[in-house]
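Below: one structure, written as structure tokens.
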There are 2 protein chains.
Amino acid sequence: MVSLKDIASKCNVSVATVSKALNDHSDIGTETKTRIREMARKLGYVPNAAAKSMKTNRTHNLGVLFMDDANSGLQHDFFASVLESFKKEVEKEGYDITFISNDRTRPGRTSYLTHARYRRFDGVIIANVHFDDPEVVELVKSDIPVVTIDHIYNDTTTILSDNVDGMNTLVDFVVENGHKDIAYIHGADSSVTKARLVTFHKRLQEHGIEIPDEYIAESPYRDTHGAYEKTLELLELPNRPTCIFYPDDYAAYGGMRALMEKGLKVPDDVSVVGFDGIKVARHIRPRLTTYRQDTDGLGVQAAKNLIDLIERPKTTLIKQIVVKGRLLEGDTLKKLN
Amino acid sequence: MVSLKDIASKCNVSVATVSKALNDHSDIGTETKTRIREMARKLGYVPNAAAKSMKTNRTHNLGVLFMDDANSGLQHDFFASVLESFKKEVEKEGYDITFISNDRTRPGRTSYLTHARYRRFDGVIIANVHFDDPEVVELVKSDIPVVTIDHIYNDTTTILSDNVDGMNTLVDFVVENGHKDIAYIHGADSSVTKARLVTFHKRLQEHGIEIPDEYIAESPYRDTHGAYEKTLELLELPNRPTCIFYPDDYAAYGGMRALMEKGLKVPDDVSVVGFDGIKVARHIRPRLTTYRQDTDGLGVQAAKNLIDLIERPKTTLIKQIVVKGRLLEGDTLKKLN
DNA sequence: TCAATTCACTTAAACGTTTGCGTTCGTAAT
DNA sequence: ATTACGAACGCAAACGTTTAAGTGAATTGA
């Protein structure tokens, strides 16, 4: 690998001069600069990120931490989408991204924070984790700039998908279409779930609609089988709901399977509503009626804010940023009026 | 950040001794070792990857290059799955992964190879790119260990999904079920497409089945709309096929939409066969009959081989590794006999 | 008892950068 | 003719490691 030293000796100047020339410092003559740059190009010089980072204390590398229950990792549509747009956005500013390994079982592994320190990440984005995991908390509380997705910590910038708006939008839409008997299979306990569940009840109450307790059930996110089973239970009820909300689109497909097996048509017999707006859902019939989270917006906001936190710490304040999504009208909701 | 120097002065030993103690060299006394390690722990010492890599010329960081036509990036199911298992596998050996940025439009961007050199990746995995892109070729031809997915270069280790076996399996299955009029909407030109297409014709010929040219059409991978349109064209034919092969599962869903809109039932009127076995397909009814590529196997093989190439260059040879998938029997193929 | 060996540690150089400070020199101002 | 100054460049230290070679003391062997 050719280094500054090689260029220096070829050009009969000092290493310092080469460094300054390549970094366009003002105290190097124009003629010398071009001479040096020519030589650098000719020799195929590539700077060494490691050496540079030792002096500058900046790596231009960001850590990514994510890990969900199902261990689906990159196959998690929502997260993959957010990460993809995050990646594109930070690349514009010259940052790379590296995963913080999350294999908790490996012997000799290090904590998330230690891993982040080892690589000297300039900042970290966290999503889809157990936010009360002590290791996650340790990382969040550290001096490393952090942005979280969909979970609020004190003193940490968070990008939130607008779950309140999402649920309000869906409830309004469903009620406008004449539904009153609405069941909700919600996800496992978390701040996201709570926001949606509370909003669900609140908005329906505002519409003057009472939801019996039997209409509320819990099933993990992205668990088609769980949703399938809970749906079957709902169908046993004496007063069957006319519409079922699911924690996410995957779960909705699981529920639809249960309905089909029971000989019920969607949406003629029972309407179905998802949450997420996963890409593939647009290509499958019947198209799912759901709330599409703005994963692009989430990723871009996360990127912009993390970079601000890193590059302009004094003028950047910790904040919560809410990103709205939008209703995706499909074919799984029957108009009752 | 606490460094070796800090530990050294606290322990009244030299920096070298600390380094050796932490790396468990044999020429340090047991008592000293434990004393030093205790202190390191107490001070919260974390090694500096950059400094280490400068001396060792190894970063334990691998580059990932991928980029498809649709720019879907991480949202590409097949690739995301392969990458996920690749990631888990390399993490076992203490490697991290960093994306090689592929934003070709950014001003001041560097080539893939330059980026890889800048970060001093120990190795690189390449998938889903334009393999004839000069920049990709440059990277492949470099001295950096490379493993490619689904594309063969000379002198490069490649992990291949078994497209021949996949197509044979599908053809056999379809023929066994009595189909003779089989159309194939294949993907855009590539080595993968060619392998599948050639096998398609060959195997059918072995079964004594002749496929008219009108039954063969082209539509890009993962393009539901393209598949939709091509399907409509197929349906205009005087002798309608009884079964249609698609380039991938997404395309198959696009095709099914066309069939539904024409009032045709799947599989009663027309059978549909996909290729990929994307996760979500298992949760949607009707379940798609398809060939599930072993993305886990591909990722693991890519990881193992890349690490071999890096760590044991003299005893590792360049090879092509074929990973078989398996038939995923769904509900979209009608038994005609 | 003395040389040879082993043990436990230190020295110092090196990896490739960046950067504050110093030096040299030609030119302009006094 | 002296002083002052800016332009252009070099010096050297520093970042945090690793490692070959060196050193001194204790142990061993004959």
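How things are named: the first chain in the structure tokens is A, the next is B, and so on; residues count from 1 in each chain; ligands count from 1 in the order shown.
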
As a PDB file with N, CA and C atoms, in the first residue's frame, please: every residue in segment 12-86 of chain A that a backbone DSSP assignment puts in strand (DSSP E).
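File part.pdb, as written:
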```
ATOM      1  N   ASN A  61     -17.667   6.376  10.822  1.00  0.00           N
ATOM      2  CA  ASN A  61     -18.308   5.071  10.780  1.00  0.00           C
ATOM      3  C   ASN A  61     -19.369   5.045  11.874  1.00  0.00           C
ATOM      4  N   LEU A  62     -20.563   4.593  11.516  1.00  0.00           N
ATOM      5  CA  LEU A  62     -21.662   4.576  12.475  1.00  0.00           C
ATOM      6  C   LEU A  62     -22.050   3.149  12.818  1.00  0.00           C
ATOM      7  N   GLY A  63     -22.389   2.928  14.066  1.00  0.00           N
ATOM      8  CA  GLY A  63     -22.803   1.606  14.500  1.00  0.00           C
ATOM      9  C   GLY A  63     -24.303   1.430  14.355  1.00  0.00           C
ATOM     10  N   VAL A  64     -24.700   0.216  14.027  1.00  0.00           N
ATOM     11  CA  VAL A  64     -26.123  -0.091  13.904  1.00  0.00           C
ATOM     12  C   VAL A  64     -26.451  -1.233  14.847  1.00  0.00           C
ATOM     13  N   LEU A  65     -27.389  -0.989  15.726  1.00  0.00           N
ATOM     14  CA  LEU A  65     -27.790  -2.052  16.647  1.00  0.00           C
ATOM     15  C   LEU A  65     -29.264  -2.339  16.462  1.00  0.00           C
ATOM     16  N   PHE A  66     -29.556  -3.559  16.144  1.00  0.00           N
ATOM     17  CA  PHE A  66     -30.959  -3.950  16.057  1.00  0.00           C
ATOM     18  C   PHE A  66     -31.045  -5.440  16.298  1.00  0.00           C
TER      19      PHE A  66
END
```

At a cut-off of 9 Å, using only C-alpha atoms (C1' of nucleotides), what residues contact segment 6-11 of chain D? Leave out same-chain residues fewer than 4 positions from it and give the result as a ChimeraX atom specification. /A:13-17,27-29 /C:21-24

Which residues of chain C are close to chain A, meaning at most 9 Å apart when you count only C-alpha atoms (C1' of nucleotides), and how do they look as number ranges by chain? C: 15-19

At a cut-off of 8 Å, list the chain A residues touching chain B, using only C-alpha atoms, as a PyMOL selection string. chain A and resi 46-51+53-54+73-75+77+80-81+83-84+88+91-92+96-101+103+106+114+117-120+224+250+253-254+257+280+283-285

Can I get the selected residues back with N, CA and C atoms, as a tab-separated table (two decimals), in the first residue's frame?
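Result file follows (out15.tsv):
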```
chain	number	residue	atom	x	y	z
A	46	VAL	N	-4.25	5.63	-1.59
A	46	VAL	CA	-5.53	5.63	-0.88
A	46	VAL	C	-5.24	5.87	0.59
A	47	PRO	N	-5.84	6.88	1.18
A	47	PRO	CA	-5.58	7.16	2.59
A	47	PRO	C	-5.97	5.98	3.47
A	48	ASN	N	-5.38	5.92	4.62
A	48	ASN	CA	-5.65	4.85	5.56
A	48	ASN	C	-6.59	5.36	6.65
A	49	ALA	N	-7.80	4.85	6.61
A	49	ALA	CA	-8.83	5.33	7.54
A	49	ALA	C	-8.39	5.16	8.99
A	50	ALA	N	-7.73	4.07	9.27
A	50	ALA	CA	-7.32	3.79	10.64
A	50	ALA	C	-6.34	4.84	11.14
A	51	ALA	N	-5.33	5.09	10.34
A	51	ALA	CA	-4.33	6.08	10.74
A	51	ALA	C	-4.97	7.45	10.90
A	53	SER	N	-8.03	8.15	11.63
A	53	SER	CA	-8.92	8.22	12.78
A	53	SER	C	-8.13	8.34	14.09
A	54	MET	N	-6.91	7.84	14.08
A	54	MET	CA	-6.12	7.94	15.30
A	54	MET	C	-5.80	9.39	15.62
A	73	GLY	N	-33.74	-10.14	12.24
A	73	GLY	CA	-32.66	-9.30	11.74
A	73	GLY	C	-33.01	-8.53	10.50
A	74	LEU	N	-32.18	-8.67	9.50
A	74	LEU	CA	-32.37	-7.91	8.28
A	74	LEU	C	-33.63	-8.29	7.54
A	75	GLN	N	-34.21	-9.42	7.92
A	75	GLN	CA	-35.41	-9.84	7.21
A	75	GLN	C	-36.64	-9.15	7.76
A	77	ASP	N	-38.90	-6.46	7.61
A	77	ASP	CA	-39.17	-5.47	6.56
A	77	ASP	C	-39.07	-4.04	7.08
A	80	ALA	N	-35.50	-3.15	7.93
A	80	ALA	CA	-34.65	-3.14	6.74
A	80	ALA	C	-34.91	-1.88	5.92
A	81	SER	N	-36.16	-1.48	5.85
A	81	SER	CA	-36.50	-0.29	5.08
A	81	SER	C	-35.93	0.96	5.72
A	83	LEU	N	-33.41	1.12	7.73
A	83	LEU	CA	-31.96	1.07	7.64
A	83	LEU	C	-31.48	1.44	6.23
A	84	GLU	N	-32.20	0.96	5.26
A	84	GLU	CA	-31.81	1.25	3.88
A	84	GLU	C	-31.81	2.76	3.62
A	88	LYS	N	-28.48	5.25	2.98
A	88	LYS	CA	-28.31	6.14	1.84
A	88	LYS	C	-28.07	7.57	2.28
A	91	GLU	N	-24.54	8.03	3.83
A	91	GLU	CA	-23.50	7.91	2.81
A	91	GLU	C	-23.28	9.24	2.09
A	92	LYS	N	-24.35	9.99	1.98
A	92	LYS	CA	-24.21	11.31	1.35
A	92	LYS	C	-23.22	12.17	2.10
A	96	ASP	N	-19.94	5.58	6.83
A	96	ASP	CA	-20.24	4.18	6.57
A	96	ASP	C	-21.01	3.63	7.76
A	97	ILE	N	-21.61	2.48	7.57
A	97	ILE	CA	-22.28	1.85	8.70
A	97	ILE	C	-21.79	0.43	8.91
A	98	THR	N	-21.67	0.09	10.17
A	98	THR	CA	-21.18	-1.22	10.58
A	98	THR	C	-22.13	-1.76	11.65
A	99	PHE	N	-22.43	-3.04	11.56
A	99	PHE	CA	-23.34	-3.62	12.54
A	99	PHE	C	-22.64	-3.89	13.86
A	100	ILE	N	-23.32	-3.58	14.93
A	100	ILE	CA	-22.85	-4.00	16.24
A	100	ILE	C	-23.34	-5.42	16.43
A	101	SER	N	-22.44	-6.33	16.57
A	101	SER	CA	-22.86	-7.73	16.57
A	101	SER	C	-23.74	-8.02	17.77
A	103	ASP	N	-24.84	-11.25	18.63
A	103	ASP	CA	-24.87	-12.66	19.01
A	103	ASP	C	-24.53	-12.77	20.49
A	106	ARG	N	-22.16	-15.95	21.84
A	106	ARG	CA	-20.77	-16.22	21.51
A	106	ARG	C	-19.87	-16.06	22.74
A	114	THR	N	-18.97	-1.83	24.52
A	114	THR	CA	-17.56	-2.15	24.30
A	114	THR	C	-17.27	-2.31	22.81
A	117	ARG	N	-17.15	1.06	21.30
A	117	ARG	CA	-15.92	1.76	21.65
A	117	ARG	C	-14.72	1.19	20.90
A	118	TYR	N	-14.73	-0.11	20.79
A	118	TYR	CA	-13.64	-0.78	20.09
A	118	TYR	C	-13.50	-0.24	18.67
A	119	ARG	N	-14.64	-0.08	18.01
A	119	ARG	CA	-14.63	0.42	16.64
A	119	ARG	C	-14.63	1.94	16.59
A	120	ARG	N	-14.75	2.56	17.74
A	120	ARG	CA	-14.76	4.02	17.81
A	120	ARG	C	-15.81	4.64	16.89
A	224	THR	N	-47.41	-14.79	12.56
A	224	THR	CA	-48.63	-15.13	11.83
A	224	THR	C	-49.42	-16.21	12.55
A	250	TYR	N	-47.96	-8.77	8.77
A	250	TYR	CA	-47.75	-10.21	8.80
A	250	TYR	C	-48.85	-10.88	9.60
A	253	TYR	N	-52.01	-11.24	7.81
A	253	TYR	CA	-52.10	-12.38	6.89
A	253	TYR	C	-52.39	-13.67	7.65
A	254	GLY	N	-51.81	-13.80	8.81
A	254	GLY	CA	-52.10	-14.97	9.65
A	254	GLY	C	-53.57	-15.01	10.00
A	257	ARG	N	-55.79	-16.02	7.14
A	257	ARG	CA	-55.78	-17.46	6.91
A	257	ARG	C	-56.82	-18.14	7.79
A	280	VAL	N	-44.42	-5.92	0.06
A	280	VAL	CA	-45.03	-7.01	-0.69
A	280	VAL	C	-46.55	-6.95	-0.64
A	283	HIS	N	-48.58	-6.01	-3.59
A	283	HIS	CA	-48.60	-6.87	-4.77
A	283	HIS	C	-49.48	-8.10	-4.60
A	284	ILE	N	-50.07	-8.22	-3.47
A	284	ILE	CA	-50.86	-9.40	-3.18
A	284	ILE	C	-52.33	-9.02	-3.12
A	285	ARG	N	-53.19	-9.89	-3.66
A	285	ARG	CA	-54.62	-9.62	-3.60
A	285	ARG	C	-55.25	-10.54	-2.57
```

I need the contact residues of chain D against chain B, so if you could list those with any atom within 6 Å, counting only C-alpha atoms (C1' of nucleotides), and return them as a PyMOL selection string, that would help. chain D and resi 16-18
